[in-house]
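Below is the file start23.txt, which contains compact mmCIF, C-alpha atoms and all ligand atoms.
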# COMPACT_ATOMS: atom_id res chain seq x y z
CA MET A 1 -64.10 -34.93 -1.66
CA HIS A 2 -60.76 -36.57 -2.33
CA ASP A 3 -59.12 -34.25 -4.84
CA SER A 4 -57.05 -36.59 -6.92
CA PRO A 5 -55.45 -35.25 -10.11
CA GLY A 6 -55.11 -38.76 -11.42
CA LEU A 7 -51.34 -38.70 -11.10
CA MET A 8 -51.06 -41.88 -9.13
CA PRO A 9 -52.20 -45.29 -10.19
CA PRO A 10 -53.39 -47.56 -7.41
CA ALA A 11 -50.05 -48.41 -5.86
CA VAL A 12 -50.36 -52.15 -5.39
CA SER A 13 -46.65 -52.60 -5.07
CA GLY A 14 -43.60 -50.48 -5.63
CA ARG A 15 -42.56 -47.25 -4.09
CA PRO A 16 -45.30 -44.76 -3.24
CA THR A 17 -43.00 -41.96 -4.38
CA ARG A 18 -42.74 -41.36 -8.10
CA ILE A 19 -41.95 -38.91 -10.86
CA VAL A 20 -44.56 -38.73 -13.60
CA VAL A 21 -43.38 -37.34 -16.94
CA ASP A 22 -46.05 -36.08 -19.32
CA LEU A 23 -44.70 -36.82 -22.80
CA ASP A 24 -47.52 -34.86 -24.43
CA HIS A 25 -46.40 -31.73 -22.60
CA LEU A 26 -42.85 -32.37 -23.77
CA ALA A 27 -44.07 -32.66 -27.38
CA LEU A 28 -46.21 -29.54 -27.01
CA ASN A 29 -43.26 -27.58 -25.62
CA LEU A 30 -41.07 -28.69 -28.55
CA ARG A 31 -43.78 -27.68 -31.03
CA ASN A 32 -44.29 -24.28 -29.43
CA ILE A 33 -40.56 -23.58 -29.21
CA ARG A 34 -40.17 -24.46 -32.90
CA ALA A 35 -43.08 -22.26 -33.88
CA HIS A 36 -41.58 -19.40 -31.84
CA VAL A 37 -38.06 -19.55 -33.29
CA GLY A 38 -38.68 -20.97 -36.77
CA VAL A 39 -35.33 -22.81 -36.89
CA PRO A 40 -34.29 -26.42 -36.13
CA VAL A 41 -33.97 -27.50 -32.51
CA MET A 42 -31.16 -29.28 -30.69
CA ALA A 43 -32.98 -30.63 -27.64
CA ILE A 44 -30.68 -30.74 -24.62
CA VAL A 45 -31.07 -34.01 -22.70
CA LYS A 46 -27.98 -33.94 -20.49
CA ALA A 47 -28.13 -34.88 -16.80
CA ASN A 48 -30.76 -37.57 -17.28
CA ALA A 49 -32.82 -35.19 -19.43
CA TYR A 50 -32.94 -32.69 -16.55
CA GLY A 51 -34.14 -35.49 -14.29
CA HIS A 52 -36.92 -36.62 -16.66
CA GLY A 53 -35.11 -39.80 -17.80
CA LEU A 54 -32.53 -39.74 -20.60
CA VAL A 55 -33.66 -42.58 -22.85
CA PRO A 56 -37.47 -42.25 -22.72
CA VAL A 57 -37.24 -38.48 -23.25
CA ALA A 58 -34.77 -38.77 -26.14
CA ARG A 59 -36.87 -41.48 -27.79
CA HIS A 60 -39.97 -39.36 -27.57
CA LEU A 61 -38.20 -36.30 -28.95
CA GLN A 62 -36.85 -38.40 -31.79
CA ALA A 63 -40.40 -39.59 -32.52
CA GLN A 64 -41.38 -35.90 -32.69
CA GLY A 65 -38.73 -35.37 -35.34
CA VAL A 66 -36.34 -33.24 -33.34
CA GLU A 67 -33.36 -32.37 -35.55
CA GLN A 68 -30.58 -32.89 -33.01
CA LEU A 69 -29.93 -33.92 -29.42
CA GLY A 70 -27.33 -32.43 -27.09
CA VAL A 71 -25.71 -34.12 -24.09
CA ALA A 72 -22.89 -33.06 -21.78
CA PHE A 73 -20.73 -36.17 -21.69
CA VAL A 74 -19.76 -38.90 -24.14
CA GLU A 75 -21.20 -41.52 -21.76
CA GLU A 76 -24.65 -39.96 -22.15
CA GLY A 77 -24.32 -40.09 -25.92
CA ILE A 78 -23.23 -43.73 -25.85
CA ALA A 79 -26.21 -44.63 -23.62
CA LEU A 80 -28.51 -43.10 -26.23
CA ARG A 81 -26.87 -44.94 -29.12
CA GLN A 82 -27.07 -48.21 -27.18
CA ALA A 83 -30.79 -47.54 -26.66
CA GLY A 84 -31.20 -47.27 -30.42
CA VAL A 85 -31.50 -43.49 -30.72
CA THR A 86 -30.35 -42.50 -34.22
CA THR A 87 -30.86 -38.71 -34.17
CA PRO A 88 -27.60 -36.73 -34.52
CA ILE A 89 -26.11 -36.11 -31.07
CA LEU A 90 -23.65 -33.37 -30.12
CA VAL A 91 -21.61 -33.81 -26.95
CA LEU A 92 -21.41 -30.29 -25.51
CA GLY A 93 -18.66 -30.83 -22.97
CA GLY A 94 -14.99 -30.37 -23.70
CA ILE A 95 -13.35 -33.58 -24.87
CA PHE A 96 -11.10 -35.54 -22.60
CA GLY A 97 -8.30 -36.74 -24.90
CA PRO A 98 -8.32 -40.46 -24.05
CA GLN A 99 -12.05 -40.67 -24.85
CA VAL A 100 -11.99 -39.19 -28.36
CA ALA A 101 -12.11 -42.53 -30.18
CA GLN A 102 -15.35 -43.38 -28.37
CA TYR A 103 -17.11 -40.36 -29.89
CA ILE A 104 -16.24 -41.47 -33.36
CA ALA A 105 -17.03 -45.14 -32.72
CA HIS A 106 -20.55 -44.21 -31.55
CA ASP A 107 -21.24 -41.62 -34.20
CA LEU A 108 -21.30 -38.73 -31.73
CA GLU A 109 -20.52 -35.18 -32.79
CA ILE A 110 -17.58 -33.62 -31.01
CA THR A 111 -17.20 -30.20 -29.45
CA VAL A 112 -13.74 -29.00 -30.39
CA SER A 113 -12.76 -26.19 -28.07
CA SER A 114 -9.08 -25.58 -28.81
CA LEU A 115 -6.45 -26.18 -31.46
CA ASP A 116 -5.02 -28.99 -29.33
CA LYS A 117 -8.37 -30.72 -29.13
CA LEU A 118 -8.83 -30.34 -32.86
CA ARG A 119 -5.53 -32.19 -33.29
CA GLN A 120 -6.70 -34.92 -30.89
CA ALA A 121 -9.93 -35.39 -32.84
CA GLU A 122 -8.01 -35.47 -36.11
CA ALA A 123 -5.53 -38.03 -34.83
CA ALA A 124 -8.27 -40.33 -33.53
CA ALA A 125 -10.26 -40.00 -36.75
CA GLN A 126 -7.24 -40.77 -38.88
CA ALA A 127 -6.32 -43.78 -36.74
CA MET A 128 -9.87 -45.11 -37.16
CA GLY A 129 -10.07 -44.24 -40.83
CA ARG A 130 -13.35 -42.49 -40.21
CA LYS A 131 -14.07 -38.75 -40.23
CA ALA A 132 -14.96 -36.93 -37.03
CA ILE A 133 -17.92 -34.57 -37.11
CA VAL A 134 -17.09 -31.49 -35.07
CA HIS A 135 -18.65 -28.27 -33.83
CA LEU A 136 -16.19 -25.48 -33.06
CA LYS A 137 -16.66 -23.85 -29.68
CA ILE A 138 -16.08 -20.13 -29.55
CA ASP A 139 -15.89 -18.31 -26.22
CA THR A 140 -17.75 -15.01 -26.40
CA GLY A 141 -17.77 -14.23 -22.68
CA MET A 142 -18.67 -17.31 -20.68
CA GLU A 143 -14.98 -18.14 -20.09
CA ARG A 144 -15.76 -21.84 -19.64
CA ILE A 145 -14.53 -23.71 -22.71
CA GLY A 146 -13.87 -22.51 -26.23
CA VAL A 147 -11.41 -20.40 -28.18
CA HIS A 148 -11.76 -16.67 -27.47
CA SER A 149 -13.66 -15.01 -30.28
CA TYR A 150 -10.94 -12.38 -30.64
CA SER A 151 -8.30 -15.00 -31.38
CA SER A 152 -10.30 -17.64 -33.22
CA ALA A 153 -9.12 -17.01 -36.79
CA ALA A 154 -6.25 -19.53 -36.81
CA PHE A 155 -8.44 -22.10 -35.06
CA ILE A 156 -11.16 -21.75 -37.70
CA GLU A 157 -8.62 -21.99 -40.50
CA ALA A 158 -7.08 -25.15 -39.06
CA ALA A 159 -10.50 -26.78 -38.64
CA VAL A 160 -11.58 -25.92 -42.17
CA ALA A 161 -8.29 -27.26 -43.55
CA SER A 162 -8.51 -30.52 -41.61
CA SER A 163 -8.92 -33.58 -43.77
CA TRP A 164 -10.17 -35.78 -40.91
CA CYS A 165 -12.66 -33.38 -39.28
CA THR A 166 -15.89 -32.25 -40.88
CA VAL A 167 -16.94 -28.90 -39.43
CA LYS A 168 -20.70 -29.27 -39.06
CA GLY A 169 -21.26 -26.46 -36.57
CA VAL A 170 -19.83 -23.44 -34.81
CA TYR A 171 -21.25 -22.30 -31.51
CA SER A 172 -20.96 -20.34 -28.32
CA HIS A 173 -22.77 -20.25 -24.98
CA LEU A 174 -24.67 -17.35 -23.41
CA ALA A 175 -23.93 -16.32 -19.84
CA CYS A 176 -26.82 -13.95 -19.04
CA SER A 177 -29.71 -14.70 -21.39
CA ASP A 178 -32.05 -15.75 -18.54
CA ASP A 179 -32.45 -12.05 -17.82
CA PRO A 180 -34.00 -10.19 -20.76
CA ALA A 181 -32.60 -6.91 -19.40
CA SER A 182 -28.95 -7.97 -19.37
CA PRO A 183 -26.85 -6.17 -22.01
CA MET A 184 -24.31 -9.00 -22.13
CA THR A 185 -26.25 -11.18 -24.56
CA LEU A 186 -26.14 -8.77 -27.49
CA GLN A 187 -22.45 -8.22 -26.85
CA GLN A 188 -21.93 -11.99 -27.08
CA VAL A 189 -23.96 -12.11 -30.31
CA GLU A 190 -21.72 -9.44 -31.79
CA ARG A 191 -18.54 -11.27 -30.79
CA PHE A 192 -19.92 -14.49 -32.23
CA HIS A 193 -20.68 -12.86 -35.59
CA GLU A 194 -17.18 -11.38 -35.67
CA ALA A 195 -15.70 -14.85 -35.18
CA CYS A 196 -18.01 -16.46 -37.78
CA ALA A 197 -17.11 -13.79 -40.33
CA HIS A 198 -13.77 -15.53 -40.69
CA PHE A 199 -15.40 -18.43 -42.56
CA GLU A 200 -16.50 -15.94 -45.22
CA ARG A 201 -13.14 -14.23 -45.23
CA ILE A 202 -11.37 -17.47 -46.12
CA GLY A 203 -14.09 -18.54 -48.55
CA ALA A 204 -15.23 -21.53 -46.48
CA PRO A 205 -18.88 -22.57 -46.26
CA MET A 206 -20.61 -21.29 -43.12
CA PRO A 207 -21.32 -24.19 -40.77
CA LEU A 208 -24.46 -24.41 -38.66
CA ARG A 209 -24.34 -21.51 -36.20
CA HIS A 210 -26.01 -22.05 -32.83
CA LEU A 211 -26.04 -19.89 -29.73
CA ALA A 212 -29.40 -19.86 -27.93
CA ASN A 213 -30.01 -21.71 -24.67
CA SER A 214 -33.46 -21.42 -23.05
CA GLY A 215 -32.91 -17.76 -22.14
CA GLY A 216 -31.90 -16.98 -25.72
CA VAL A 217 -34.94 -18.84 -27.06
CA LEU A 218 -37.27 -16.96 -24.69
CA HIS A 219 -35.84 -13.45 -24.96
CA PHE A 220 -33.38 -12.85 -27.80
CA PRO A 221 -34.32 -13.46 -31.46
CA GLU A 222 -30.79 -12.28 -32.37
CA THR A 223 -29.48 -15.54 -30.90
CA TRP A 224 -31.64 -17.99 -32.87
CA LEU A 225 -29.43 -18.14 -35.99
CA ASP A 226 -29.43 -21.61 -37.65
CA MET A 227 -30.43 -23.79 -34.67
CA VAL A 228 -31.36 -23.35 -31.00
CA ARG A 229 -30.33 -25.40 -27.96
CA PRO A 230 -33.12 -25.27 -25.39
CA GLY A 231 -32.82 -27.29 -22.22
CA ILE A 232 -34.95 -26.32 -19.26
CA VAL A 233 -37.69 -24.53 -21.20
CA LEU A 234 -38.28 -27.70 -23.20
CA TYR A 235 -39.30 -29.31 -19.92
CA GLY A 236 -41.73 -26.46 -19.29
CA VAL A 237 -39.71 -24.70 -16.61
CA LEU A 238 -38.35 -21.14 -16.79
CA PRO A 239 -34.63 -20.71 -16.14
CA ASP A 240 -34.79 -17.75 -13.77
CA PRO A 241 -37.29 -15.59 -11.85
CA ALA A 242 -36.36 -12.74 -14.24
CA SER A 243 -37.32 -14.83 -17.30
CA LYS A 244 -40.47 -14.05 -19.27
CA ARG A 245 -43.02 -16.63 -20.36
CA THR A 246 -42.89 -15.68 -24.05
CA ILE A 247 -43.74 -19.23 -25.14
CA ASP A 248 -46.62 -21.41 -23.94
CA VAL A 249 -44.77 -24.28 -22.27
CA ARG A 250 -46.12 -26.65 -19.62
CA PRO A 251 -44.18 -28.52 -16.95
CA ALA A 252 -43.46 -32.07 -18.05
CA MET A 253 -42.60 -33.34 -14.57
CA SER A 254 -44.71 -34.01 -11.51
CA LEU A 255 -43.35 -35.44 -8.28
CA ALA A 256 -45.70 -37.10 -5.85
CA SER A 257 -45.65 -39.43 -2.89
CA GLN A 258 -48.21 -40.82 -0.46
CA VAL A 259 -48.84 -40.47 3.24
CA VAL A 260 -47.34 -43.38 5.19
CA TYR A 261 -47.93 -42.25 8.76
CA PHE A 262 -50.37 -40.09 10.73
CA LYS A 263 -50.17 -38.89 14.31
CA VAL A 264 -50.96 -36.05 16.69
CA VAL A 265 -48.01 -34.04 17.96
CA ARG A 266 -48.68 -32.45 21.32
CA ALA A 267 -48.11 -28.77 22.03
CA GLY A 268 -44.50 -28.17 23.07
CA HIS A 269 -43.17 -31.30 21.34
CA THR A 270 -40.59 -31.03 18.57
CA VAL A 271 -40.38 -32.69 15.15
CA SER A 272 -37.37 -34.29 13.43
CA TYR A 273 -33.58 -34.06 13.82
CA GLY A 274 -32.20 -31.20 15.82
CA ALA A 275 -35.64 -30.48 17.32
CA THR A 276 -35.77 -27.31 15.23
CA TRP A 277 -39.58 -27.11 14.99
CA THR A 278 -41.95 -27.07 17.95
CA ALA A 279 -45.72 -27.54 17.83
CA ASP A 280 -47.31 -24.53 19.56
CA HIS A 281 -50.62 -26.39 19.89
CA ASP A 282 -51.74 -29.98 19.48
CA THR A 283 -51.59 -30.63 15.75
CA ARG A 284 -51.84 -33.42 13.22
CA VAL A 285 -48.64 -34.38 11.45
CA VAL A 286 -48.16 -36.83 8.58
CA THR A 287 -44.98 -38.47 7.35
CA VAL A 288 -44.03 -38.58 3.66
CA PRO A 289 -41.50 -41.16 2.40
CA ILE A 290 -39.07 -39.06 0.35
CA GLY A 291 -36.00 -37.15 1.50
CA TYR A 292 -32.66 -35.70 0.54
CA GLY A 293 -31.48 -39.23 -0.33
CA ASP A 294 -33.80 -38.89 -3.34
CA GLY A 295 -32.55 -35.41 -4.13
CA PHE A 296 -35.41 -33.63 -2.39
CA PRO A 297 -33.51 -30.68 -0.91
CA ARG A 298 -32.83 -30.59 2.81
CA SER A 299 -32.94 -26.81 2.53
CA LEU A 300 -36.74 -27.16 2.36
CA SER A 301 -36.72 -28.04 6.08
CA SER A 302 -39.54 -25.97 7.69
CA ARG A 303 -39.72 -23.99 4.41
CA GLY A 304 -41.24 -26.15 1.70
CA GLU A 305 -44.90 -26.89 1.14
CA VAL A 306 -46.82 -29.86 -0.26
CA LEU A 307 -50.35 -30.53 -1.48
CA ILE A 308 -52.64 -33.04 0.21
CA ARG A 309 -56.35 -33.27 -0.64
CA GLY A 310 -56.00 -30.09 -2.67
CA HIS A 311 -54.63 -28.01 0.22
CA ARG A 312 -51.18 -26.58 0.88
CA TYR A 313 -49.41 -27.63 4.04
CA PRO A 314 -45.96 -26.79 5.42
CA ILE A 315 -43.05 -29.16 5.79
CA VAL A 316 -42.12 -29.04 9.49
CA GLY A 317 -38.73 -29.79 10.96
CA ARG A 318 -35.75 -31.07 9.07
CA VAL A 319 -36.08 -33.07 5.88
CA CYS A 320 -34.45 -36.45 6.62
CA MET A 321 -32.66 -38.72 4.16
CA ASP A 322 -35.78 -40.75 3.37
CA GLN A 323 -38.74 -38.97 4.97
CA PHE A 324 -40.13 -35.64 6.10
CA MET A 325 -43.09 -34.44 8.14
CA VAL A 326 -46.00 -32.18 7.22
CA ASP A 327 -48.26 -30.24 9.58
CA ILE A 328 -51.90 -30.57 8.48
CA GLY A 329 -53.23 -28.62 11.48
CA GLY A 330 -56.77 -29.69 12.29
CA ASP A 331 -57.43 -31.20 8.86
CA SER A 332 -57.63 -34.86 8.04
CA ALA A 333 -55.44 -37.02 5.90
CA TRP A 334 -55.23 -40.77 5.61
CA ASN A 335 -52.48 -43.21 4.96
CA GLU A 336 -51.93 -43.54 1.21
CA ASP A 337 -53.37 -40.09 0.45
CA GLU A 338 -51.49 -38.55 -2.42
CA VAL A 339 -48.89 -35.91 -1.53
CA VAL A 340 -47.84 -33.64 -4.41
CA LEU A 341 -44.40 -32.07 -4.12
CA VAL A 342 -44.20 -30.71 -7.66
CA GLY A 343 -47.31 -30.53 -9.81
CA LYS A 344 -51.04 -30.00 -9.56
CA GLN A 345 -53.65 -31.25 -7.17
CA GLY A 346 -57.19 -29.96 -7.32
CA ASP A 347 -56.96 -26.20 -7.88
CA GLU A 348 -53.52 -25.89 -6.32
CA ALA A 349 -50.12 -26.25 -7.95
CA ILE A 350 -46.51 -26.20 -6.84
CA SER A 351 -43.98 -25.45 -9.57
CA ALA A 352 -40.33 -26.45 -9.77
CA GLU A 353 -39.62 -22.71 -9.86
CA GLU A 354 -41.37 -22.26 -6.49
CA VAL A 355 -39.57 -25.21 -4.93
CA ALA A 356 -36.26 -23.76 -6.15
CA ARG A 357 -37.01 -20.35 -4.68
CA LEU A 358 -37.90 -21.84 -1.29
CA ALA A 359 -34.81 -24.04 -1.39
CA GLY A 360 -32.61 -21.07 -2.25
CA THR A 361 -31.46 -22.45 -5.59
CA ILE A 362 -32.36 -22.55 -9.29
CA PRO A 363 -34.96 -24.89 -10.82
CA TYR A 364 -32.21 -26.72 -12.75
CA GLU A 365 -30.73 -28.02 -9.52
CA ILE A 366 -34.11 -29.21 -8.25
CA LEU A 367 -34.92 -31.14 -11.45
CA VAL A 368 -31.54 -32.78 -12.04
CA GLY A 369 -31.11 -33.52 -8.34
CA LEU A 370 -34.02 -35.98 -8.29
CA ASN A 371 -32.15 -39.24 -8.60
CA ASP A 372 -32.73 -42.78 -9.75
CA ARG A 373 -34.05 -43.94 -6.39
CA ILE A 374 -37.35 -42.42 -7.53
CA PRO A 375 -39.17 -44.48 -10.17
CA ARG A 376 -40.26 -42.58 -13.26
CA GLU A 377 -43.53 -43.12 -15.09
CA TYR A 378 -44.41 -41.86 -18.53
CA ARG A 379 -47.85 -40.63 -19.58
CA GLY A 380 -49.18 -39.75 -23.01
CA GLY A 381 -46.96 -39.96 -26.03
CA ASP A 382 -49.34 -42.20 -28.00
CA THR A 383 -49.76 -39.74 -30.83
CA GLY A 384 -47.28 -39.29 -33.61
CA ARG A 385 -45.62 -42.67 -33.18
C1 LIG A 401 -26.95 -26.95 -20.78
C2 LIG A 401 -26.66 -26.25 -22.05
C3 LIG A 401 -27.71 -25.73 -22.82
C4 LIG A 401 -29.16 -25.68 -22.36
O1 LIG A 401 -29.29 -24.74 -21.32
P1 LIG A 401 -30.72 -24.31 -20.77
O2 LIG A 401 -30.45 -23.10 -19.97
O3 LIG A 401 -31.22 -25.45 -19.95
O4 LIG A 401 -31.58 -24.06 -21.94
C5 LIG A 401 -27.39 -25.19 -24.06
N1 LIG A 401 -26.11 -25.15 -24.50
C6 LIG A 401 -25.08 -25.62 -23.76
C7 LIG A 401 -23.70 -25.54 -24.29
C8 LIG A 401 -25.32 -26.17 -22.51
O5 LIG A 401 -24.29 -26.62 -21.78

What do you get writing this file as structure tokens?
Ligand SMILES: *Cc1c(COP(=O)(O)O)cnc(C)c1O
Amino acid sequence: MHDSPGLMPPAVSGRPTRIVVDLDHLALNLRNIRAHVGVPVMAIVKANAYGHGLVPVARHLQAQGVEQLGVAFVEEGIALRQAGVTTPILVLGGIFGPQVAQYIAHDLEITVSSLDKLRQAEAAAQAMGRKAIVHLKIDTGMERIGVHSYSSAAFIEAAVASSWCTVKGVYSHLACSDDPASPMTLQQVERFHEACAHFERIGAPMPLRHLANSGGVLHFPETWLDMVRPGIVLYGVLPDPASKRTIDVRPAMSLASQVVYFKVVRAGHTVSYGATWTADHDTRVVTVPIGYGDGFPRSLSSRGEVLIRGHRYPIVGRVCMDQFMVDIGGDSAWNEDEVVLVGKQGDEAISAEEVARLAGTIPYEILVGLNDRIPREYRGGDTGR
């Protein structure tokens, strides 16, 4: 009768709203990605591991033997080192000069994206008497950070000649790989190879070449090279509606809450701020204690849906900072009934991709938007430790 997927433990105390991360799905996704590409994996755990929790996710990936981790900012790398994570970590973002010494002090690999930044890394390394490990960033069309592929020869030469920087990697970032039909990706691959050819030309060993984000991993074998850098697909979510499910991956995150209020709204009465939704007949409405203050998008106002007792029901009226309302029509629901916002309940499921579409955004923004006001719970992960 009560369709519970077993997501929620009896909530004796603590917030009824929670994120549940399935570590076994994360491990399965990593395994299936590896089997698909056949090269080492740099698991991207920036932005709180796409909302899944930086440290627990990184620890679990390390236990699965992932070759490398990638973060956006030096602070994220330091947090991992302080939590005892020993896997090599590349900081993907461009360096901010005054922070360079911190990378080296915490054994974090540096993205060097210009000749100037190479000099900054060298100077810091020399001052500390300890070599910096760097990955050279080549711009092949993203125009974000990196030295343009067509003028990267001098940059590569300077990096190879540096006595204080060890060039471990060379990489670029894909702008359109989410769409398997976009011609841009192969053009970027070609530009990247042209830039890398300079290592051979000057007789330097070829560093680790990496190019593939999730879209590259899913759609373009030409981008796999020596290592891949999947983010969102590792969490079991596809980057774009145009993306193809070429790998069996399962969502690692569920988001659920519980009913905290039940009432009947009379015909003609409105619900929530701005009185934007009006009941056209007497109907039952429940209140759910999560809102945009948790990162649940306000754009889901009168658009999103949730699962209660295995059925889909619409969010009615505006999503508030801490709560929103759901119209259950003539059905019943009780206080403390589980409300699934992302995940499965009975035979129904709501994916992060669906939530993103209804909210008018991409699944990335939904996942990383869920903030630390929501407690996270971890399931599985007992094997392989
Ligand atoms: C975020 C990021 C990735 C991962 O992107 P996904 O689309 O989530 O796979 C890979 N490489 C770089 C440089 C990034 O910034």

Item to complete: List the neighbours of range 16-29 of chain A out to 10 Å using only C-alpha atoms; skip same-chain residues closer than 5 positions along the sequence, and give me the result as a PyMOL selection string.
Response: chain A and resi 7-11+34-35+51-53+56-57+60-61+63-66+233-236+247-260+288-290+294+336+338-343+370+373-384

Test item: residues no farther than 6 Å from ligand LIG 401 (chain A), counting all atoms listed in the file, as a PDB file with C-alpha atoms, keeping the file's coordinate frame:
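out_11.pdb, written as the output of this step:
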ATOM      1  CA  ILE A  44     -30.680 -30.740 -24.620  1.00  0.00           C
ATOM      2  CA  LEU A  92     -21.410 -30.290 -25.510  1.00  0.00           C
ATOM      3  CA  HIS A 173     -22.770 -20.250 -24.980  1.00  0.00           C
ATOM      4  CA  ASN A 213     -30.010 -21.710 -24.670  1.00  0.00           C
ATOM      5  CA  SER A 214     -33.460 -21.420 -23.050  1.00  0.00           C
ATOM      6  CA  ARG A 229     -30.330 -25.400 -27.960  1.00  0.00           C
ATOM      7  CA  PRO A 230     -33.120 -25.270 -25.390  1.00  0.00           C
ATOM      8  CA  GLY A 231     -32.820 -27.290 -22.220  1.00  0.00           C
ATOM      9  CA  ILE A 232     -34.950 -26.320 -19.260  1.00  0.00           C
TER      10      ILE A 232
END

Practice prompt. Rank A:Gly295, A:Gly330, A:Pro205, A:Gly215 by their smallest atom-to-atom distance to Lys263 in chain A, using all atoms listed in the file, and report the top residue only.
Written response: A:Gly330

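Put simply, CA of Gly141 in chain A is 26.2 Å away from CA of Gly360 in chain A.
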
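Restricting the calculation to only C-alpha atoms, the smallest distance between Gln102 in chain A and any of A:Ile78, A:Cys320, A:Val41, A:Leu54 is found for A:Ile78.
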
Discussion item. Residues near Thr185 in chain A, anyone? I mean within 10 Å using all atoms listed in the file, not counting same-chain ones fewer than 5 positions away, as a PyMOL selection string.
Written reply: chain A and resi 140-141+173-180+190-191+212+215-216+219-220+222-223

Worksheet item: Residues around (-21.6, -37.9, -22.0), cut-off 12 Å, counting only C-alpha atoms - what are they as a PyMOL selection string?
Response: chain A and resi 44-49+54+69-81+89-96+99-100+102-103+106+108-111

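Near Asp280 in chain A, within a cut-off of 12 Å and counting all atoms listed in the file, sit the residues Val265, Arg266, Ala267, Gly268, His269, Thr270, Val271, Trp277, Thr278, Asp282, Thr283, Arg284, Asp327 and Gly329 of chain A, with same-chain residues fewer than 2 positions away left out.
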
Item to complete: Please work out which residues fall within 9 Å of (-54.8, -26.0, 0.0), coordinates as given in the file, with all atoms listed in the file counting, and return them as a PyMOL selection string.
Response: chain A and resi 306-313+345-348

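The smallest atom-to-atom distance between Ala132 in chain A and any of A:Leu211, A:Ala279, A:Leu30, A:Ala101, using all atoms listed in the file, is found for A:Ala101.
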
Worksheet item: Can you list, as a list in words, every protein, DNA or RNA residue that comes within 10 Å of Gln120 in chain A when you count all atoms listed in the file, leaving out same-chain residues fewer than 2 positions away?
Response: Ile95, Phe96, Gly97, Pro98, Gln99, Val100, Ala101, Val112, Ser114, Leu115, Asp116, Lys117, Leu118, Glu122, Ala123, Ala124, Ala125 and Gln126 of chain A

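Proximity of A:Thr287, A:Glu305, A:Gln323, A:Arg209 to Lys168 in chain A, computed with all atoms listed in the file, is greatest for A:Arg209.
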
Item to complete: Would you please work out which residue, of A:Gly38, A:Phe199, A:Lys137, A:Pro314, is nearest to Val160 in chain A when using only C-alpha atoms?
Response: A:Phe199

Worksheet entry | Neighbour list for Gly317 in chain A as a list of chain:residue names, cut-off 8 Å, all atoms listed in the file, skip fewer than 5 positions in-chain | A:Thr270, A:Val271, A:Ser272, A:Tyr273, A:Ala275, A:Thr276, A:Trp277, A:Ser301, A:Ser302, A:Phe324, A:Met325

Where is the centre and how long are the edges: axis-aligned box on range 287-302 of chain A, 5 Å on each side, Å to one decimal, as JSON:
{"center_x": -38.2, "center_y": -33.6, "center_z": 1.8, "size_x": 23.5, "size_y": 25.2, "size_z": 21.8}

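One finds CA of Ile33 in chain A at 25.0 Å from CA of Gly369 in chain A.
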
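CA of Arg59 in chain A is positioned 11.5 Å from CA of Ala43 in chain A.
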